[in-house]
file data.cif (mmCIF, C-alpha atoms)
data_final
#
loop_
_atom_site.label_atom_id
_atom_site.label_comp_id
_atom_site.auth_asym_id
_atom_site.auth_seq_id
_atom_site.Cartn_x
_atom_site.Cartn_y
_atom_site.Cartn_z
CA MET A 1 16.53 30.18 14.13
CA MET A 2 13.00 31.19 13.10
CA ARG A 3 11.44 33.80 15.40
CA ILE A 4 8.18 32.58 16.92
CA SER A 5 5.11 34.63 16.03
CA ASP A 6 2.83 36.07 18.71
CA THR A 7 -0.32 33.96 18.28
CA VAL A 8 1.71 30.76 17.97
CA LYS A 9 3.56 31.71 21.16
CA HIS A 10 0.32 32.23 23.08
CA LEU A 11 -1.10 28.95 21.79
CA LEU A 12 2.06 27.13 22.87
CA ILE A 13 1.80 28.66 26.36
CA ASN A 14 -1.91 27.76 26.67
CA ASN A 15 -1.27 24.16 25.64
CA VAL A 16 1.58 23.79 28.15
CA ILE A 17 -0.52 25.34 30.95
CA MET A 18 -3.39 22.94 30.22
CA PHE A 19 -0.99 20.00 30.23
CA ILE A 20 0.43 21.06 33.60
CA GLY A 21 -3.13 21.37 34.88
CA THR A 22 -3.90 17.85 33.68
CA ILE A 23 -1.03 16.27 35.60
CA ALA A 24 -1.27 18.54 38.66
CA ILE A 25 -5.03 18.73 39.35
CA GLY A 26 -7.06 15.73 40.45
CA ASP A 27 -4.37 13.08 39.83
CA GLY A 28 -4.66 13.52 36.07
CA VAL A 29 -8.35 12.56 36.11
CA LEU A 30 -10.40 15.53 37.29
CA PHE A 31 -8.92 18.10 34.88
CA TYR A 32 -9.15 15.59 32.03
CA ASP A 33 -12.82 14.92 32.79
CA TRP A 34 -13.57 18.65 32.78
CA PHE A 35 -11.84 19.60 29.56
CA ALA A 36 -11.38 16.54 27.30
CA MET A 37 -14.06 16.08 24.63
CA HIS A 38 -16.50 13.35 25.65
CA PHE A 39 -19.12 11.67 23.51
CA PRO A 40 -22.18 13.97 23.71
CA LYS A 41 -24.47 11.26 25.08
CA ASN A 42 -22.09 10.67 27.99
CA GLU A 43 -23.02 12.62 31.14
CA ALA A 44 -19.38 13.78 31.37
CA PHE A 45 -19.89 15.87 28.20
CA LYS A 46 -19.96 19.64 28.67
CA PRO A 47 -20.37 22.20 25.82
CA TRP A 48 -17.05 23.93 26.52
CA GLN A 49 -15.19 20.67 25.77
CA ILE A 50 -15.75 21.35 22.06
CA PHE A 51 -13.05 24.03 22.44
CA THR A 52 -11.02 22.98 25.47
CA HIS A 53 -10.09 19.54 24.13
CA MET A 54 -7.88 21.30 21.55
CA PHE A 55 -5.58 22.43 24.36
CA MET A 56 -5.40 19.05 26.13
CA HIS A 57 -2.84 16.31 25.44
CA GLY A 58 -2.53 12.67 26.40
CA GLY A 59 1.15 12.72 27.38
CA PRO A 60 4.48 14.54 27.04
CA SER A 61 5.30 13.10 23.60
CA HIS A 62 1.83 13.99 22.28
CA LEU A 63 2.30 17.56 23.50
CA LEU A 64 5.89 17.79 22.24
CA PHE A 65 5.17 16.65 18.69
CA ASN A 66 2.10 18.86 18.32
CA MET A 67 3.84 21.93 19.72
CA PHE A 68 6.89 21.36 17.53
CA ALA A 69 4.63 21.19 14.47
CA LEU A 70 2.76 24.29 15.63
CA TRP A 71 6.01 26.23 15.92
CA MET A 72 7.46 24.88 12.67
CA PHE A 73 4.43 25.40 10.43
CA GLY A 74 2.36 27.88 12.43
CA THR A 75 4.90 30.68 12.51
CA PRO A 76 5.27 31.08 8.72
CA VAL A 77 1.50 30.67 8.25
CA GLU A 78 0.77 33.35 10.85
CA GLN A 79 3.37 35.67 9.31
CA TYR A 80 1.55 35.29 5.99
CA LEU A 81 -2.06 35.50 7.25
CA GLY A 82 -1.72 37.72 10.30
CA GLY A 83 -2.68 36.82 13.86
CA LYS A 84 -6.50 37.03 13.64
CA LYS A 85 -6.83 35.03 10.44
CA PHE A 86 -4.33 32.49 11.71
CA LEU A 87 -6.28 32.00 14.95
CA PHE A 88 -9.50 31.63 12.94
CA LEU A 89 -7.82 28.97 10.78
CA TYR A 90 -6.43 27.17 13.84
CA LEU A 91 -9.73 27.02 15.73
CA SER A 92 -11.78 26.24 12.60
CA ALA A 93 -9.55 23.27 11.81
CA GLY A 94 -9.93 22.01 15.38
CA LEU A 95 -13.71 22.37 15.23
CA GLY A 96 -13.78 20.60 11.88
CA ALA A 97 -11.75 17.72 13.29
CA VAL A 98 -14.02 17.26 16.32
CA ALA A 99 -17.12 17.44 14.11
CA LEU A 100 -15.66 14.74 11.86
CA GLN A 101 -14.75 12.50 14.79
CA ILE A 102 -18.05 12.90 16.64
CA GLY A 103 -19.94 12.45 13.37
CA TYR A 104 -18.07 9.18 12.83
CA TYR A 105 -18.94 8.05 16.36
CA TYR A 106 -22.62 8.85 15.82
CA PHE A 107 -22.54 7.00 12.49
CA GLN A 108 -21.51 3.89 14.43
CA TYR A 109 -23.52 4.56 17.58
CA LEU A 110 -27.02 5.38 16.29
CA PRO A 111 -27.68 2.04 14.50
CA MET A 112 -26.54 0.16 17.63
CA GLU A 113 -28.73 2.34 19.84
CA ALA A 114 -31.69 1.68 17.52
CA GLN A 115 -31.03 -2.04 17.79
CA ALA A 116 -30.98 -1.85 21.59
CA LEU A 117 -34.27 0.07 21.55
CA GLN A 118 -35.81 -2.58 19.28
CA LEU A 119 -34.77 -5.20 21.83
CA GLY A 120 -36.94 -3.41 24.36
CA ALA A 121 -34.43 -1.20 26.16
CA THR A 122 -35.27 2.40 26.94
CA HIS A 123 -32.85 5.35 26.56
CA ASP A 124 -32.52 5.54 30.35
CA GLN A 125 -31.76 1.82 30.58
CA ILE A 126 -29.05 2.11 27.93
CA ILE A 127 -27.39 4.95 29.85
CA GLU A 128 -27.61 3.04 33.14
CA VAL A 129 -25.97 -0.01 31.55
CA PHE A 130 -23.08 2.15 30.35
CA LYS A 131 -22.69 3.86 33.72
CA ASP A 132 -22.51 0.45 35.40
CA GLY A 133 -19.89 -0.73 32.92
CA LYS A 134 -22.17 -3.37 31.44
CA VAL A 135 -22.88 -4.05 27.79
CA PHE A 136 -25.95 -5.26 25.89
CA THR A 137 -24.92 -8.65 24.51
CA ALA A 138 -26.59 -8.06 21.16
CA ILE A 139 -24.84 -4.71 20.68
CA GLY A 140 -21.31 -5.62 21.63
CA GLN A 141 -18.29 -3.95 23.12
CA LYS A 142 -18.14 -1.27 20.42
CA PHE A 143 -21.27 0.37 21.83
CA ASN A 144 -19.55 0.77 25.19
CA GLU A 145 -16.30 2.03 23.65
CA ILE A 146 -18.04 4.84 21.78
CA TYR A 147 -20.03 5.96 24.82
CA PHE A 148 -16.87 6.32 26.90
CA ALA A 149 -14.72 7.73 24.07
CA SER A 150 -12.83 10.98 24.66
CA MET A 151 -10.73 13.27 22.47
CA VAL A 152 -7.75 15.43 23.36
CA GLY A 153 -5.07 17.22 21.40
CA ALA A 154 -4.34 19.95 18.93
CA SER A 155 -3.82 17.51 16.06
CA GLY A 156 -6.86 18.72 14.10
CA CYS A 157 -5.72 22.33 14.48
CA ILE A 158 -2.18 21.39 13.44
CA MET A 159 -3.41 19.53 10.35
CA GLY A 160 -5.27 22.66 9.25
CA VAL A 161 -2.15 24.77 9.75
CA MET A 162 -0.03 22.25 7.85
CA ALA A 163 -2.51 22.20 4.97
CA ALA A 164 -2.32 26.00 4.82
CA PHE A 165 1.48 25.81 4.79
CA ALA A 166 1.40 23.32 1.90
CA LEU A 167 -0.88 25.63 -0.09
CA MET A 168 1.38 28.61 0.59
CA ASN A 169 4.68 26.78 0.03
CA PRO A 170 3.97 23.76 -2.19
CA THR A 171 7.59 23.33 -3.32
CA ALA A 172 9.19 23.71 0.15
CA GLU A 173 11.21 20.58 0.93
CA LEU A 174 10.52 18.79 4.22
CA MET A 175 11.98 15.70 5.85
CA MET A 176 11.00 13.26 8.59
CA ILE A 177 13.60 12.50 11.27
CA PHE A 178 13.47 8.78 10.49
CA LEU A 179 13.27 9.32 6.71
CA PRO A 180 15.97 11.88 5.80
CA ILE A 181 14.80 12.34 2.21
CA PRO A 182 13.56 15.78 1.10
CA ILE A 183 9.92 15.70 -0.01
CA LYS A 184 7.97 18.65 -1.39
CA ALA A 185 5.34 20.03 1.00
CA LYS A 186 2.53 19.43 -1.52
CA TYR A 187 3.24 15.67 -1.22
CA PHE A 188 4.63 15.47 2.31
CA ILE A 189 1.79 17.18 4.18
CA PRO A 190 -1.16 15.36 2.51
CA GLY A 191 0.71 12.12 3.27
CA ILE A 192 1.07 13.06 6.95
CA ILE A 193 -2.61 14.02 7.18
CA LEU A 194 -3.65 10.74 5.53
CA ILE A 195 -1.50 8.71 7.94
CA ASP A 196 -2.99 10.61 10.89
CA LEU A 197 -6.56 9.96 9.68
CA ILE A 198 -5.89 6.26 9.17
CA SER A 199 -4.18 5.85 12.55
CA GLY A 200 -6.96 7.85 14.25
#

call {"tool": "encode", "arguments": {"input": "data.cif", "output": "structure tokens"}}
result
Amino acid sequence: MMRISDTVKHLLINNVIMFIGTIAIGDGVLFYDWFAMHFPKNEAFKPWQIFTHMFMHGGPSHLLFNMFALWMFGTPVEQYLGGKKFLFLYLSAGLGAVALQIGYYYFQYLPMEAQALQLGATHDQIIEVFKDGKVFTAIGQKFNEIYFASMVGASGCIMGVMAAFALMNPTAELMMIFLPIPIKAKYFIPGIILIDLISG
């Protein structure tokens, strides 16, 4: 069995602690509100969420799959790069993922906000409508969904680690549990990342 590397071990522990905190503090709501990544225009957004959301998970299976991938791919990548460079890679990938997601939300949100402003609403009125759970008819439900959107999980970090593994070991053969056919890492990992992006 592959020996777990030090930085991967500490990341695993931190993720498990944060998950325990989520289910043990504030009935699964309070801790989530503090540390999940909220849309920046939402009053629940706090700057530290840009980092803390990477250590939050939406359920046991979400945590299990991400931590299994972290152990499986993270250990050989850390052994190759060293702890500091590995941690930089891990956090950079997570920051890149949140920037991509929030950028996508803003791409959808800003034109709808502009439309609401053209209809005569003020910024304060838009926020009040969201807080009350109401929606501008001309804007639609999507406006409301983006405002209340939240992000949790280490998936962005894991995708960065997997990409590094594929670059380091392009001919390594990997298999999915439900598809027991060996596939080279240089094909397998881009496919997994593409599926994750589409499903996200």

call {"tool": "resolve_selection", "arguments": {"input": "data.cif", "expression": "the PyMOL selection byres ((chain A and resi 36) around 10)", "output": "list of chain:residue names"}}
result
A:Thr22, A:Phe31, A:Tyr32, A:Asp33, A:Trp34, A:Phe35, A:Met37, A:His38, A:Phe39, A:Ala44, A:Phe45, A:Lys46, A:Trp48, A:Gln49, A:Ile50, A:Phe51, A:Thr52, A:His53, A:Met54, A:Phe55, A:Met56, A:His57, A:Gly58, A:Ala149, A:Ser150, A:Met151, A:Val152, A:Gly153

call {"tool": "residues_around", "arguments": {"input": "data.cif", "residues": "Met67 in chain A", "least_positions_apart": "4", "cutoff": "10 Å", "atoms": "all atoms listed in the file", "output": "number ranges by chain"}}
result
A: 8-9, 11-13, 15-16, 61-63, 71-74, 154-155, 158

call {"tool": "residues_near_point", "arguments": {"input": "data.cif", "point": "(-3.4, 26.6, 12.3)", "cutoff": "8 Å", "atoms": "only C-alpha atoms", "output": "list in words"}}
result
Leu70, Gly74, Val77, Phe86, Leu87, Phe88, Leu89, Tyr90, Leu91, Ala93, Cys157, Ile158, Met159, Gly160, Val161, Met162 and Ala164 of chain A

call {"tool": "atom_distance", "arguments": {"input": "data.cif", "atom1": "CA of Tyr106 in chain A", "atom2": "CA of Ile146 in chain A"}}
result
8.5 Å

call {"tool": "build_atoms", "arguments": {"input": "data.cif", "residues": "range 72-105 of chain A", "atoms": "N, CA and C atoms", "output": "compact mmCIF listing (two decimals), in the frame of the given file"}}
result
# COMPACT_ATOMS: atom_id res chain seq x y z
N MET A 72 6.81 25.02 13.97
CA MET A 72 7.46 24.88 12.67
C MET A 72 6.59 25.39 11.52
N PHE A 73 5.32 25.02 11.53
CA PHE A 73 4.43 25.40 10.43
C PHE A 73 3.58 26.63 10.76
N GLY A 74 3.24 26.79 12.04
CA GLY A 74 2.36 27.88 12.43
C GLY A 74 2.98 29.25 12.27
N THR A 75 4.26 29.37 12.58
CA THR A 75 4.90 30.68 12.51
C THR A 75 4.90 31.25 11.09
N PRO A 76 5.34 30.50 10.07
CA PRO A 76 5.27 31.08 8.72
C PRO A 76 3.84 31.32 8.24
N VAL A 77 2.89 30.47 8.65
CA VAL A 77 1.50 30.67 8.25
C VAL A 77 0.95 31.93 8.90
N GLU A 78 1.25 32.13 10.19
CA GLU A 78 0.77 33.35 10.85
C GLU A 78 1.42 34.60 10.25
N GLN A 79 2.69 34.52 9.91
CA GLN A 79 3.37 35.67 9.31
C GLN A 79 2.74 36.03 7.97
N TYR A 80 2.20 35.05 7.29
CA TYR A 80 1.55 35.29 5.99
C TYR A 80 0.11 35.80 6.17
N LEU A 81 -0.64 35.18 7.10
CA LEU A 81 -2.06 35.50 7.25
C LEU A 81 -2.32 36.64 8.22
N GLY A 82 -1.44 36.80 9.20
CA GLY A 82 -1.72 37.72 10.30
C GLY A 82 -2.35 36.96 11.46
N GLY A 83 -2.27 37.53 12.65
CA GLY A 83 -2.68 36.82 13.86
C GLY A 83 -4.13 36.42 13.89
N LYS A 84 -5.06 37.32 13.54
CA LYS A 84 -6.50 37.03 13.64
C LYS A 84 -6.93 35.94 12.67
N LYS A 85 -6.47 36.04 11.43
CA LYS A 85 -6.83 35.03 10.44
C LYS A 85 -6.21 33.68 10.78
N PHE A 86 -4.98 33.74 11.31
CA PHE A 86 -4.33 32.49 11.71
C PHE A 86 -5.11 31.81 12.83
N LEU A 87 -5.53 32.57 13.83
CA LEU A 87 -6.28 32.00 14.95
C LEU A 87 -7.61 31.44 14.46
N PHE A 88 -8.26 32.14 13.52
CA PHE A 88 -9.50 31.63 12.94
C PHE A 88 -9.26 30.30 12.24
N LEU A 89 -8.18 30.22 11.46
CA LEU A 89 -7.82 28.97 10.78
C LEU A 89 -7.58 27.85 11.79
N TYR A 90 -6.81 28.16 12.82
CA TYR A 90 -6.43 27.17 13.84
C TYR A 90 -7.67 26.59 14.52
N LEU A 91 -8.54 27.46 15.01
CA LEU A 91 -9.73 27.02 15.73
C LEU A 91 -10.73 26.34 14.79
N SER A 92 -10.86 26.84 13.57
CA SER A 92 -11.78 26.24 12.60
C SER A 92 -11.36 24.81 12.26
N ALA A 93 -10.05 24.61 12.11
CA ALA A 93 -9.55 23.27 11.81
C ALA A 93 -9.82 22.33 12.98
N GLY A 94 -9.65 22.83 14.21
CA GLY A 94 -9.93 22.01 15.38
C GLY A 94 -11.40 21.66 15.49
N LEU A 95 -12.27 22.63 15.20
CA LEU A 95 -13.71 22.37 15.23
C LEU A 95 -14.12 21.39 14.12
N GLY A 96 -13.50 21.53 12.96
CA GLY A 96 -13.78 20.60 11.88
C GLY A 96 -13.38 19.18 12.24
N ALA A 97 -12.23 19.05 12.90
CA ALA A 97 -11.75 17.72 13.29
C ALA A 97 -12.68 17.07 14.30
N VAL A 98 -13.13 17.85 15.30
CA VAL A 98 -14.02 17.26 16.32
C VAL A 98 -15.38 16.93 15.71
N ALA A 99 -15.85 17.75 14.78
CA ALA A 99 -17.12 17.44 14.11
C ALA A 99 -17.02 16.15 13.31
N LEU A 100 -15.89 15.97 12.63
CA LEU A 100 -15.66 14.74 11.86
C LEU A 100 -15.62 13.52 12.76
N GLN A 101 -14.89 13.63 13.89
CA GLN A 101 -14.75 12.50 14.79
C GLN A 101 -16.08 12.15 15.47
N ILE A 102 -16.77 13.16 15.97
CA ILE A 102 -18.05 12.90 16.64
C ILE A 102 -19.09 12.39 15.63
N GLY A 103 -19.05 12.94 14.41
CA GLY A 103 -19.94 12.45 13.37
C GLY A 103 -19.70 10.97 13.08
N TYR A 104 -18.42 10.60 13.06
CA TYR A 104 -18.07 9.18 12.83
C TYR A 104 -18.58 8.31 13.97
N TYR A 105 -18.43 8.80 15.22
CA TYR A 105 -18.94 8.05 16.36
C TYR A 105 -20.46 7.86 16.27
